[in-house]
Amino acid sequence: MSGLSTRAIHAGELNPAPSGAVVTPIYQSSTFAFEGPDGLAEVTYGRYQNTPNHAVLHARLAALEGAEDALVCATGMAAMTAALMALCARGDRVLAARGLYGGTHALLTEELPRFGIEVDFVDAHDPASWPAAVRPETRVFVVESISNPLCRVCDLPAVAKFCRERGIVSLVDNTFASPVNFAPIAHGFDLVHHSATKYLNGHSDLVAGVLAGRRELMDKAVRVIRRLGASLDAHACFLLERGLKTLVVRVERHNANALRVADFLATHEAVARVHFPGLASHPDHARAKQLLCGFGGMLAFDLRGGADAAERFLNAVRIPAVAPSLGGVETLLSRPCVTSHAMLSREDRAALGIEDGTVRMSVGIEDADDLIADLDQALRA
Ligand SMILES: Cc1ncc(COP(=O)(O)O)c(C=O)c1O
């Protein structure tokens with residue numbers, strides 16, 4: 001198989017290229033004429049996600065993840081909903097790592113129980129506690145490859161092995177790592193999930209979701225997406241395909257910048273603690289070094305002085321935008337306690353290690369020197 005950059009640019013491209021177009025044109029058509037004379041040929045329709053724009057993306061994403069199949073859909077949450085609806089029916093249970101992204105947590109605790117699907121949370125860092133949480137009705141174990149926002153990395157191959165031994169589907173949210181930094185399928189996972197809104201697209205100009213994995217599971221997920229109507233439109237497909245072409249160079253720069261910023265913050269007197277798996281002080285540094293190809297562009301840090309210090313700092317920065325979301329070329333800052341983890345109680349956040357003074361940083365691909373100078377002046381403020 002060719003290298004990741006070549007796949008990101010070429011895998012699945014239309015052949016022959018329509019009118020010689022070097023990029024996939026936008027097929028801005030909701031429906032397509034039947035090809036076969038008998039009218040029984042498969043319907044090609046926007047909601048069915050089988051237009052040329054979707055087909056190219058599906059092949060490209062499968063190639064990037066090394067998966068049998070992949071799909072795009074309207075948002076990362078749509079992809080997670082489709083995966084769980086495809087795998088679970090009334091009476092089934094989901095095993096989930098504590099501290100998942102807030103939207104996933106709310107789906108598991110507030111939406112799925114209304115349909116008779118319950119969740120059991122476990123500490124992803126305590127494998128000895130997992131067996132007791134498994135019931136005959138457990139269908140899937142959901143974890144994140146790099147957790148949000150403290151960038152914890154659990155024993156991911158152990159999750160895949162644990163599931164395989166018990167006939168449970170392993171599902172990993174690989175949004176923070178991207179396929180550049182972690183390859184879940186190669187480490188034994190059945191299903192990979194992404195908010196493609198983040199690194200896969202990389203330009204903060206669309207929302208989209210991705211699932212990749214075993215064909216049999218993907219066929220079920222495609223059916224759910226078609227019936228939920230959570231499809232991605234052709235123009236968003238075009239933008240996502242364009243973003244994917246630069247995925248590898250972007251993520252390499254995110255990795256390098258984040259390492260520089262983390263090193264700087266770790267020595268700053270205003271900062272109590274930096275959460276970045278590339279630092280030797282991070283509790284999962286050794287595992288991250290072993291499993292990840294890069295430490296990623298996400299980090300968090302706890303400011304001395306709590307919420308007030310965090311607000312002062314956010315008011316003083318000039319280059320980063322203070323905004324939720326992540327994975328774009330521009331640096332973004334947010335406070336998890338009022339954004340991604342606002343849905344958790346203060347006590348639950350504290351148990352995970354998220355403080356009121358914790359700031360999350362999606363390190364962009366600007367010049368690292370400029371970012372560091374700006375952070376320095378804002379921390380002094
Ligand atoms: C780790 C993670 N997973 C899933 C999602 C949900 O993705 P989307 O906003 O594209 O629905 C997000 C969004 O912030 C996220 O950070």
# chains A, B, ... in the order shown; residues from 1 in each chain; ligands from 1
>>> closest_atom_pairs(of="chain A", to="ligand 1", cutoff="9 Å", atoms="only C-alpha atoms and all ligand atoms", output="JSON lines")
{"residue": "A:Ala74", "atom": "CA", "partner": "ligand 1", "partner_atom_place_in_ligand_line": "10 (O)", "distance": 7.9}
{"residue": "A:Thr75", "atom": "CA", "partner": "ligand 1", "partner_atom_place_in_ligand_line": "11 (O)", "distance": 4.1}
{"residue": "A:Gly76", "atom": "CA", "partner": "ligand 1", "partner_atom_place_in_ligand_line": "11 (O)", "distance": 3.5}
{"residue": "A:Met77", "atom": "CA", "partner": "ligand 1", "partner_atom_place_in_ligand_line": "11 (O)", "distance": 3.8}
{"residue": "A:Ala78", "atom": "CA", "partner": "ligand 1", "partner_atom_place_in_ligand_line": "11 (O)", "distance": 6.4}
{"residue": "A:Ala79", "atom": "CA", "partner": "ligand 1", "partner_atom_place_in_ligand_line": "11 (O)", "distance": 7.8}
{"residue": "A:Met80", "atom": "CA", "partner": "ligand 1", "partner_atom_place_in_ligand_line": "4 (C)", "distance": 7.6}
{"residue": "A:Leu100", "atom": "CA", "partner": "ligand 1", "partner_atom_place_in_ligand_line": "1 (C)", "distance": 7.4}
{"residue": "A:Tyr101", "atom": "CA", "partner": "ligand 1", "partner_atom_place_in_ligand_line": "1 (C)", "distance": 5.2}
{"residue": "A:Gly102", "atom": "CA", "partner": "ligand 1", "partner_atom_place_in_ligand_line": "15 (C)", "distance": 8.0}
{"residue": "A:Gly103", "atom": "CA", "partner": "ligand 1", "partner_atom_place_in_ligand_line": "6 (C)", "distance": 6.4}
{"residue": "A:Thr104", "atom": "CA", "partner": "ligand 1", "partner_atom_place_in_ligand_line": "4 (C)", "distance": 6.7}
{"residue": "A:Glu144", "atom": "CA", "partner": "ligand 1", "partner_atom_place_in_ligand_line": "1 (C)", "distance": 7.2}
{"residue": "A:Ile146", "atom": "CA", "partner": "ligand 1", "partner_atom_place_in_ligand_line": "1 (C)", "distance": 8.3}
{"residue": "A:Ser147", "atom": "CA", "partner": "ligand 1", "partner_atom_place_in_ligand_line": "1 (C)", "distance": 7.2}
{"residue": "A:Asn148", "atom": "CA", "partner": "ligand 1", "partner_atom_place_in_ligand_line": "1 (C)", "distance": 6.2}
{"residue": "A:Pro149", "atom": "CA", "partner": "ligand 1", "partner_atom_place_in_ligand_line": "1 (C)", "distance": 8.7}
{"residue": "A:Asp173", "atom": "CA", "partner": "ligand 1", "partner_atom_place_in_ligand_line": "3 (N)", "distance": 6.2}
{"residue": "A:Asn174", "atom": "CA", "partner": "ligand 1", "partner_atom_place_in_ligand_line": "1 (C)", "distance": 7.4}
{"residue": "A:Thr175", "atom": "CA", "partner": "ligand 1", "partner_atom_place_in_ligand_line": "1 (C)", "distance": 5.2}
{"residue": "A:Phe176", "atom": "CA", "partner": "ligand 1", "partner_atom_place_in_ligand_line": "1 (C)", "distance": 6.1}
{"residue": "A:His193", "atom": "CA", "partner": "ligand 1", "partner_atom_place_in_ligand_line": "3 (N)", "distance": 7.9}
{"residue": "A:His194", "atom": "CA", "partner": "ligand 1", "partner_atom_place_in_ligand_line": "3 (N)", "distance": 6.5}
{"residue": "A:Ser195", "atom": "CA", "partner": "ligand 1", "partner_atom_place_in_ligand_line": "7 (O)", "distance": 4.2}
{"residue": "A:Ala196", "atom": "CA", "partner": "ligand 1", "partner_atom_place_in_ligand_line": "10 (O)", "distance": 6.1}
{"residue": "A:Thr197", "atom": "CA", "partner": "ligand 1", "partner_atom_place_in_ligand_line": "10 (O)", "distance": 4.8}
{"residue": "A:Lys198", "atom": "CA", "partner": "ligand 1", "partner_atom_place_in_ligand_line": "10 (O)", "distance": 7.3}
{"residue": "A:Leu206", "atom": "CA", "partner": "ligand 1", "partner_atom_place_in_ligand_line": "10 (O)", "distance": 8.6}
{"residue": "A:Val207", "atom": "CA", "partner": "ligand 1", "partner_atom_place_in_ligand_line": "10 (O)", "distance": 5.2}
{"residue": "A:Ala208", "atom": "CA", "partner": "ligand 1", "partner_atom_place_in_ligand_line": "10 (O)", "distance": 5.3}
{"residue": "A:Gly209", "atom": "CA", "partner": "ligand 1", "partner_atom_place_in_ligand_line": "10 (O)", "distance": 5.6}
{"residue": "A:Pro324", "atom": "CA", "partner": "ligand 1", "partner_atom_place_in_ligand_line": "14 (O)", "distance": 7.4}
{"residue": "A:Ser325", "atom": "CA", "partner": "ligand 1", "partner_atom_place_in_ligand_line": "14 (O)", "distance": 5.1}
{"residue": "A:Leu326", "atom": "CA", "partner": "ligand 1", "partner_atom_place_in_ligand_line": "14 (O)", "distance": 7.1}
{"residue": "A:Ser340", "atom": "CA", "partner": "ligand 1", "partner_atom_place_in_ligand_line": "14 (O)", "distance": 6.7}
>>> residues_around(residues="Pro179 of chain A", least_positions_apart="6", cutoff="12 Å", atoms="only C-alpha atoms", output="PyMOL selection string")
chain A and resi 4-5+7-8+60-67+145+172-173+185-186+192-194+196+199-200+210+212+244+247-248+251-252+292-294+296
>>> write_last_selection(atoms="N, CA and C atoms", output="mmCIF file, in the first residue's frame")
data_model
loop_
_atom_site.group_PDB
_atom_site.id
_atom_site.type_symbol
_atom_site.label_atom_id
_atom_site.label_comp_id
_atom_site.auth_asym_id
_atom_site.auth_seq_id
_atom_site.Cartn_x
_atom_site.Cartn_y
_atom_site.Cartn_z
ATOM 1 N N LEU A 4 0.914 7.272 3.508
ATOM 2 C CA LEU A 4 -0.294 7.962 3.977
ATOM 3 C C LEU A 4 -0.569 9.243 3.171
ATOM 4 N N SER A 5 0.495 9.993 2.846
ATOM 5 C CA SER A 5 0.287 11.245 2.093
ATOM 6 C C SER A 5 -0.258 10.955 0.704
ATOM 7 N N ARG A 7 -1.974 8.353 -0.214
ATOM 8 C CA ARG A 7 -3.378 7.924 -0.058
ATOM 9 C C ARG A 7 -4.284 9.116 0.205
ATOM 10 N N ALA A 8 -3.815 10.052 1.040
ATOM 11 C CA ALA A 8 -4.651 11.216 1.388
ATOM 12 C C ALA A 8 -4.976 12.044 0.149
ATOM 13 N N ARG A 60 -11.330 6.948 0.056
ATOM 14 C CA ARG A 60 -10.132 7.625 0.578
ATOM 15 C C ARG A 60 -9.998 7.419 2.083
ATOM 16 N N LEU A 61 -11.116 7.559 2.795
ATOM 17 C CA LEU A 61 -11.072 7.404 4.257
ATOM 18 C C LEU A 61 -10.764 5.964 4.651
ATOM 19 N N ALA A 62 -11.318 5.003 3.898
ATOM 20 C CA ALA A 62 -11.000 3.595 4.185
ATOM 21 C C ALA A 62 -9.503 3.369 3.981
ATOM 22 N N ALA A 63 -8.947 3.962 2.926
ATOM 23 C CA ALA A 63 -7.507 3.789 2.666
ATOM 24 C C ALA A 63 -6.678 4.433 3.774
ATOM 25 N N LEU A 64 -7.116 5.605 4.262
ATOM 26 C CA LEU A 64 -6.364 6.290 5.316
ATOM 27 C C LEU A 64 -6.384 5.507 6.619
ATOM 28 N N GLU A 65 -7.516 4.868 6.908
ATOM 29 C CA GLU A 65 -7.625 4.124 8.168
ATOM 30 C C GLU A 65 -7.200 2.670 8.013
ATOM 31 N N GLY A 66 -6.907 2.234 6.772
ATOM 32 C CA GLY A 66 -6.595 0.819 6.562
ATOM 33 C C GLY A 66 -7.790 -0.055 6.904
ATOM 34 N N ALA A 67 -8.999 0.445 6.585
ATOM 35 C CA ALA A 67 -10.239 -0.257 6.956
ATOM 36 C C ALA A 67 -10.901 -0.848 5.711
ATOM 37 N N SER A 145 -8.934 7.586 21.629
ATOM 38 C CA SER A 145 -7.507 7.237 21.514
ATOM 39 C C SER A 145 -6.660 8.254 22.289
ATOM 40 N N VAL A 172 -13.439 3.183 18.722
ATOM 41 C CA VAL A 172 -12.566 4.233 19.253
ATOM 42 C C VAL A 172 -12.833 5.556 18.538
ATOM 43 N N ASP A 173 -12.995 6.611 19.328
ATOM 44 C CA ASP A 173 -13.069 7.969 18.789
ATOM 45 C C ASP A 173 -11.631 8.431 18.577
ATOM 46 N N ILE A 185 -7.196 0.483 13.447
ATOM 47 C CA ILE A 185 -7.473 -0.833 12.841
ATOM 48 C C ILE A 185 -6.234 -1.721 12.975
ATOM 49 N N ALA A 186 -5.059 -1.138 12.749
ATOM 50 C CA ALA A 186 -3.817 -1.912 12.873
ATOM 51 C C ALA A 186 -3.599 -2.377 14.311
ATOM 52 N N VAL A 192 -13.695 2.722 13.866
ATOM 53 C CA VAL A 192 -13.035 3.998 14.153
ATOM 54 C C VAL A 192 -14.033 5.118 13.907
ATOM 55 N N HIS A 193 -14.084 6.065 14.841
ATOM 56 C CA HIS A 193 -14.988 7.211 14.701
ATOM 57 C C HIS A 193 -14.161 8.494 14.656
ATOM 58 N N HIS A 194 -14.613 9.458 13.839
ATOM 59 C CA HIS A 194 -13.988 10.785 13.837
ATOM 60 C C HIS A 194 -15.054 11.860 13.808
ATOM 61 N N ALA A 196 -14.984 14.616 11.789
ATOM 62 C CA ALA A 196 -14.182 15.110 10.655
ATOM 63 C C ALA A 196 -14.170 16.623 10.608
ATOM 64 N N TYR A 199 -9.467 17.544 12.705
ATOM 65 C CA TYR A 199 -8.252 17.442 11.894
ATOM 66 C C TYR A 199 -8.506 16.963 10.466
ATOM 67 N N LEU A 200 -9.454 16.039 10.264
ATOM 68 C CA LEU A 200 -9.600 15.482 8.917
ATOM 69 C C LEU A 200 -9.869 16.595 7.914
ATOM 70 N N VAL A 210 -17.183 10.715 10.510
ATOM 71 C CA VAL A 210 -16.645 9.562 9.769
ATOM 72 C C VAL A 210 -16.718 8.320 10.648
ATOM 73 N N ALA A 212 -15.207 4.194 10.192
ATOM 74 C CA ALA A 212 -14.464 3.273 9.331
ATOM 75 C C ALA A 212 -14.325 1.961 10.077
ATOM 76 N N LEU A 244 -8.583 16.844 3.326
ATOM 77 C CA LEU A 244 -7.851 15.596 3.560
ATOM 78 C C LEU A 244 -6.507 15.562 2.834
ATOM 79 N N LEU A 247 -3.807 16.634 5.036
ATOM 80 C CA LEU A 247 -3.885 16.127 6.419
ATOM 81 C C LEU A 247 -2.505 15.833 7.004
ATOM 82 N N VAL A 248 -1.692 15.129 6.255
ATOM 83 C CA VAL A 248 -0.423 14.667 6.831
ATOM 84 C C VAL A 248 0.498 15.856 7.141
ATOM 85 N N VAL A 251 -0.917 17.829 10.154
ATOM 86 C CA VAL A 251 -0.788 17.182 11.470
ATOM 87 C C VAL A 251 0.674 17.139 11.913
ATOM 88 N N GLU A 252 1.581 16.953 10.969
ATOM 89 C CA GLU A 252 3.004 16.975 11.353
ATOM 90 C C GLU A 252 3.367 18.335 11.961
ATOM 91 N N LEU A 292 1.674 5.963 19.583
ATOM 92 C CA LEU A 292 1.343 7.061 18.678
ATOM 93 C C LEU A 292 2.516 7.385 17.755
ATOM 94 N N CYS A 293 2.181 7.831 16.542
ATOM 95 C CA CYS A 293 3.237 8.260 15.613
ATOM 96 C C CYS A 293 3.611 9.718 15.877
ATOM 97 N N GLY A 294 2.751 10.446 16.565
ATOM 98 C CA GLY A 294 3.012 11.830 16.960
ATOM 99 C C GLY A 294 2.117 12.104 18.157
ATOM 100 N N GLY A 296 0.282 14.723 18.770
ATOM 101 C CA GLY A 296 -0.931 15.477 18.482
ATOM 102 C C GLY A 296 -0.776 16.965 18.711
#
>>> closest_residue(among="A:Val317, A:Cys88, A:Val169, A:Val274", to="Gly357 of chain A", atoms="only C-alpha atoms")
A:Val274
>>> select_by_dssp(residues="segment 102-295 of chain A", states="alpha helix (DSSP H)", output="ChimeraX atom specification")
/A:102-106,130-133,156-166,178-181,215-228,234-245,247-266,285-291
>>> residues_around(residues="Ser170 of chain A", least_positions_apart="6", cutoff="9 Å", atoms="only C-alpha atoms", output="short mmCIF file (atom, residue, chain, number, x, y, z; two decimals) with N, CA and C atoms, in the first residue's frame")
data_model
loop_
_atom_site.label_atom_id
_atom_site.label_comp_id
_atom_site.auth_asym_id
_atom_site.auth_seq_id
_atom_site.Cartn_x
_atom_site.Cartn_y
_atom_site.Cartn_z
N ARG A 139 -22.65 -4.80 24.18
CA ARG A 139 -22.40 -4.97 22.74
C ARG A 139 -21.17 -4.24 22.26
N VAL A 140 -20.81 -3.14 22.93
CA VAL A 140 -19.75 -2.29 22.39
C VAL A 140 -19.02 -1.59 23.53
N PHE A 141 -17.72 -1.38 23.33
CA PHE A 141 -16.88 -0.65 24.30
C PHE A 141 -16.37 0.60 23.56
N VAL A 142 -16.73 1.78 24.10
CA VAL A 142 -16.36 3.05 23.45
C VAL A 142 -15.24 3.73 24.24
N VAL A 143 -14.14 4.02 23.55
CA VAL A 143 -13.03 4.75 24.18
C VAL A 143 -12.56 5.85 23.22
N VAL A 159 -7.75 -2.72 25.00
CA VAL A 159 -9.20 -2.55 24.79
C VAL A 159 -9.65 -3.44 23.65
N ALA A 160 -8.90 -3.40 22.53
CA ALA A 160 -9.27 -4.19 21.35
C ALA A 160 -9.25 -5.69 21.69
N LYS A 161 -8.22 -6.11 22.43
CA LYS A 161 -8.08 -7.54 22.77
C LYS A 161 -9.21 -7.98 23.71
N PHE A 162 -9.47 -7.12 24.69
CA PHE A 162 -10.54 -7.42 25.67
C PHE A 162 -11.87 -7.64 24.93
N CYS A 163 -12.15 -6.78 23.96
CA CYS A 163 -13.41 -6.88 23.22
C CYS A 163 -13.43 -8.14 22.35
N ARG A 164 -12.31 -8.39 21.67
CA ARG A 164 -12.26 -9.55 20.76
C ARG A 164 -12.51 -10.84 21.54
N GLY A 188 -6.09 -3.42 16.19
CA GLY A 188 -7.12 -4.41 16.51
C GLY A 188 -8.52 -3.89 16.71
N PHE A 189 -8.77 -2.58 16.52
CA PHE A 189 -10.13 -2.05 16.73
C PHE A 189 -11.06 -2.45 15.58
N ASP A 190 -12.34 -2.62 15.91
CA ASP A 190 -13.35 -2.97 14.89
C ASP A 190 -13.85 -1.73 14.17
N LEU A 191 -14.05 -0.64 14.91
CA LEU A 191 -14.65 0.56 14.34
C LEU A 191 -13.89 1.80 14.80
N VAL A 192 -13.70 2.72 13.87
CA VAL A 192 -13.03 4.00 14.15
C VAL A 192 -14.03 5.12 13.91
#
>>> residues_around(residues="His341 of chain A", least_positions_apart="4", cutoff="12 Å", atoms="only C-alpha atoms", output="MDAnalysis selection string")
chainID A and resid 98:106 148:150 324 334:337 345:350 352:356 358:360
>>> write_last_selection(atoms="N, CA and C atoms", output="short mmCIF file (atom, residue, chain, number, x, y, z; two decimals), in the first residue's frame")
data_model
loop_
_atom_site.label_atom_id
_atom_site.label_comp_id
_atom_site.auth_asym_id
_atom_site.auth_seq_id
_atom_site.Cartn_x
_atom_site.Cartn_y
_atom_site.Cartn_z
N ARG A 98 -14.97 6.50 31.13
CA ARG A 98 -15.36 7.73 31.80
C ARG A 98 -14.62 8.91 31.18
N GLY A 99 -15.29 10.06 31.05
CA GLY A 99 -14.60 11.24 30.55
C GLY A 99 -14.64 11.41 29.05
N LEU A 100 -15.52 10.66 28.36
CA LEU A 100 -15.66 10.84 26.92
C LEU A 100 -16.12 12.27 26.62
N TYR A 101 -15.92 12.70 25.37
CA TYR A 101 -16.41 14.00 24.90
C TYR A 101 -17.86 14.21 25.39
N GLY A 102 -18.16 15.42 25.83
CA GLY A 102 -19.45 15.71 26.47
C GLY A 102 -20.67 15.34 25.64
N GLY A 103 -20.60 15.54 24.33
CA GLY A 103 -21.73 15.20 23.46
C GLY A 103 -21.97 13.70 23.45
N THR A 104 -20.90 12.93 23.40
CA THR A 104 -21.02 11.47 23.43
C THR A 104 -21.58 11.03 24.78
N HIS A 105 -21.09 11.68 25.84
CA HIS A 105 -21.56 11.36 27.18
C HIS A 105 -23.06 11.62 27.29
N ALA A 106 -23.52 12.75 26.75
CA ALA A 106 -24.94 13.09 26.82
C ALA A 106 -25.78 12.12 25.99
N ASN A 148 -10.11 13.83 25.85
CA ASN A 148 -10.42 15.25 25.79
C ASN A 148 -10.77 15.71 27.20
N PRO A 149 -10.14 16.68 27.77
CA PRO A 149 -9.06 17.52 27.25
C PRO A 149 -7.67 17.17 27.82
N LEU A 150 -7.58 16.15 28.68
CA LEU A 150 -6.32 15.95 29.40
C LEU A 150 -5.35 15.05 28.64
N PRO A 324 -14.86 27.07 20.98
CA PRO A 324 -14.86 25.61 21.09
C PRO A 324 -14.37 25.01 19.77
N SER A 334 -10.04 27.18 24.77
CA SER A 334 -11.35 27.13 25.43
C SER A 334 -11.17 26.63 26.85
N ARG A 335 -12.19 26.84 27.64
CA ARG A 335 -12.21 26.29 29.00
C ARG A 335 -13.18 25.11 29.00
N PRO A 336 -12.68 23.88 29.14
CA PRO A 336 -13.56 22.71 29.07
C PRO A 336 -14.74 22.78 30.03
N CYS A 337 -14.58 23.45 31.18
CA CYS A 337 -15.67 23.46 32.16
C CYS A 337 -16.88 24.26 31.65
N SER A 345 -21.19 17.48 35.88
CA SER A 345 -21.22 18.27 37.10
C SER A 345 -19.78 18.66 37.47
N ARG A 346 -19.66 19.69 38.34
CA ARG A 346 -18.33 20.14 38.76
C ARG A 346 -17.57 18.99 39.44
N GLU A 347 -18.30 18.18 40.22
CA GLU A 347 -17.67 17.06 40.94
C GLU A 347 -17.15 16.02 39.94
N ASP A 348 -17.97 15.73 38.91
CA ASP A 348 -17.55 14.73 37.90
C ASP A 348 -16.32 15.25 37.15
N ARG A 349 -16.32 16.55 36.88
CA ARG A 349 -15.16 17.11 36.18
C ARG A 349 -13.92 17.01 37.07
N ALA A 350 -14.10 17.34 38.34
CA ALA A 350 -12.96 17.29 39.27
C ALA A 350 -12.41 15.87 39.35
N LEU A 352 -12.31 13.76 37.07
CA LEU A 352 -11.53 13.48 35.86
C LEU A 352 -10.24 14.29 35.81
N GLY A 353 -10.14 15.29 36.70
CA GLY A 353 -8.93 16.12 36.71
C GLY A 353 -9.10 17.43 35.96
N ILE A 354 -10.35 17.79 35.62
CA ILE A 354 -10.60 19.04 34.90
C ILE A 354 -10.99 20.11 35.91
N GLU A 355 -10.16 21.16 36.00
CA GLU A 355 -10.41 22.22 36.98
C GLU A 355 -11.06 23.43 36.31
N ASP A 356 -11.53 24.37 37.12
CA ASP A 356 -12.09 25.61 36.56
C ASP A 356 -11.01 26.43 35.85
N THR A 358 -8.57 25.10 34.11
CA THR A 358 -7.98 24.32 33.02
C THR A 358 -8.33 24.98 31.69
N VAL A 359 -7.31 25.20 30.88
CA VAL A 359 -7.50 25.78 29.54
C VAL A 359 -7.10 24.70 28.52
N ARG A 360 -7.94 24.51 27.52
CA ARG A 360 -7.61 23.57 26.45
C ARG A 360 -7.11 24.35 25.25
#
>>> residues_around(residues="Ala221 of chain A", least_positions_apart="6", cutoff="9 Å", atoms="only C-alpha atoms", output="list in words")
Leu71, Ala79, Ala82, Ala83, Leu84, Met85, Ala86, Leu87 and Leu211 of chain A
>>> write_last_selection(atoms="N, CA and C atoms", output="mmCIF file, in the first residue's frame")
data_model
loop_
_atom_site.group_PDB
_atom_site.id
_atom_site.type_symbol
_atom_site.label_atom_id
_atom_site.label_comp_id
_atom_site.auth_asym_id
_atom_site.auth_seq_id
_atom_site.Cartn_x
_atom_site.Cartn_y
_atom_site.Cartn_z
ATOM 1 N N LEU A 71 -17.449 5.560 5.939
ATOM 2 C CA LEU A 71 -18.542 6.429 5.507
ATOM 3 C C LEU A 71 -18.347 7.822 6.086
ATOM 4 N N ALA A 79 -22.249 10.369 13.357
ATOM 5 C CA ALA A 79 -21.483 9.135 13.165
ATOM 6 C C ALA A 79 -21.537 8.274 14.431
ATOM 7 N N ALA A 82 -25.058 6.834 14.783
ATOM 8 C CA ALA A 82 -25.286 5.753 13.813
ATOM 9 C C ALA A 82 -24.570 4.483 14.258
ATOM 10 N N ALA A 83 -23.337 4.632 14.751
ATOM 11 C CA ALA A 83 -22.586 3.443 15.184
ATOM 12 C C ALA A 83 -23.322 2.738 16.319
ATOM 13 N N LEU A 84 -23.771 3.514 17.316
ATOM 14 C CA LEU A 84 -24.397 2.892 18.483
ATOM 15 C C LEU A 84 -25.772 2.332 18.136
ATOM 16 N N MET A 85 -26.502 3.017 17.257
ATOM 17 C CA MET A 85 -27.806 2.486 16.839
ATOM 18 C C MET A 85 -27.641 1.235 15.984
ATOM 19 N N ALA A 86 -26.545 1.176 15.219
ATOM 20 C CA ALA A 86 -26.307 -0.004 14.381
ATOM 21 C C ALA A 86 -25.947 -1.214 15.236
ATOM 22 N N LEU A 87 -25.286 -0.960 16.367
ATOM 23 C CA LEU A 87 -24.762 -2.064 17.172
ATOM 24 C C LEU A 87 -25.701 -2.502 18.284
ATOM 25 N N LEU A 211 -17.050 7.201 10.015
ATOM 26 C CA LEU A 211 -16.881 5.890 10.633
ATOM 27 C C LEU A 211 -16.083 5.038 9.665
#
>>> closest_residue(among="A:Ala17, A:Gly3, A:Gln49, A:Leu107", to="Val224 of chain A", atoms="only C-alpha atoms")
A:Gln49
>>> atom_distance(atom1="atom CA of His10 of chain A", atom2="atom CA of Phe182 of chain A")
20.5 Å
>>> residues_around(residues="Arg152 of chain A", least_positions_apart="5", cutoff="10 Å", atoms="only C-alpha atoms", output="list in words")
Ala124, His125, Glu144, Ser145, Ile146, Ser147, His275, Phe276, Pro277, His282, Pro283, Asp284, His285, Arg287 and Ala288 of chain A
>>> atom_distance(atom1="atom CA of Ser204 of chain A", atom2="atom CA of Gly327 of chain A")
7.7 Å
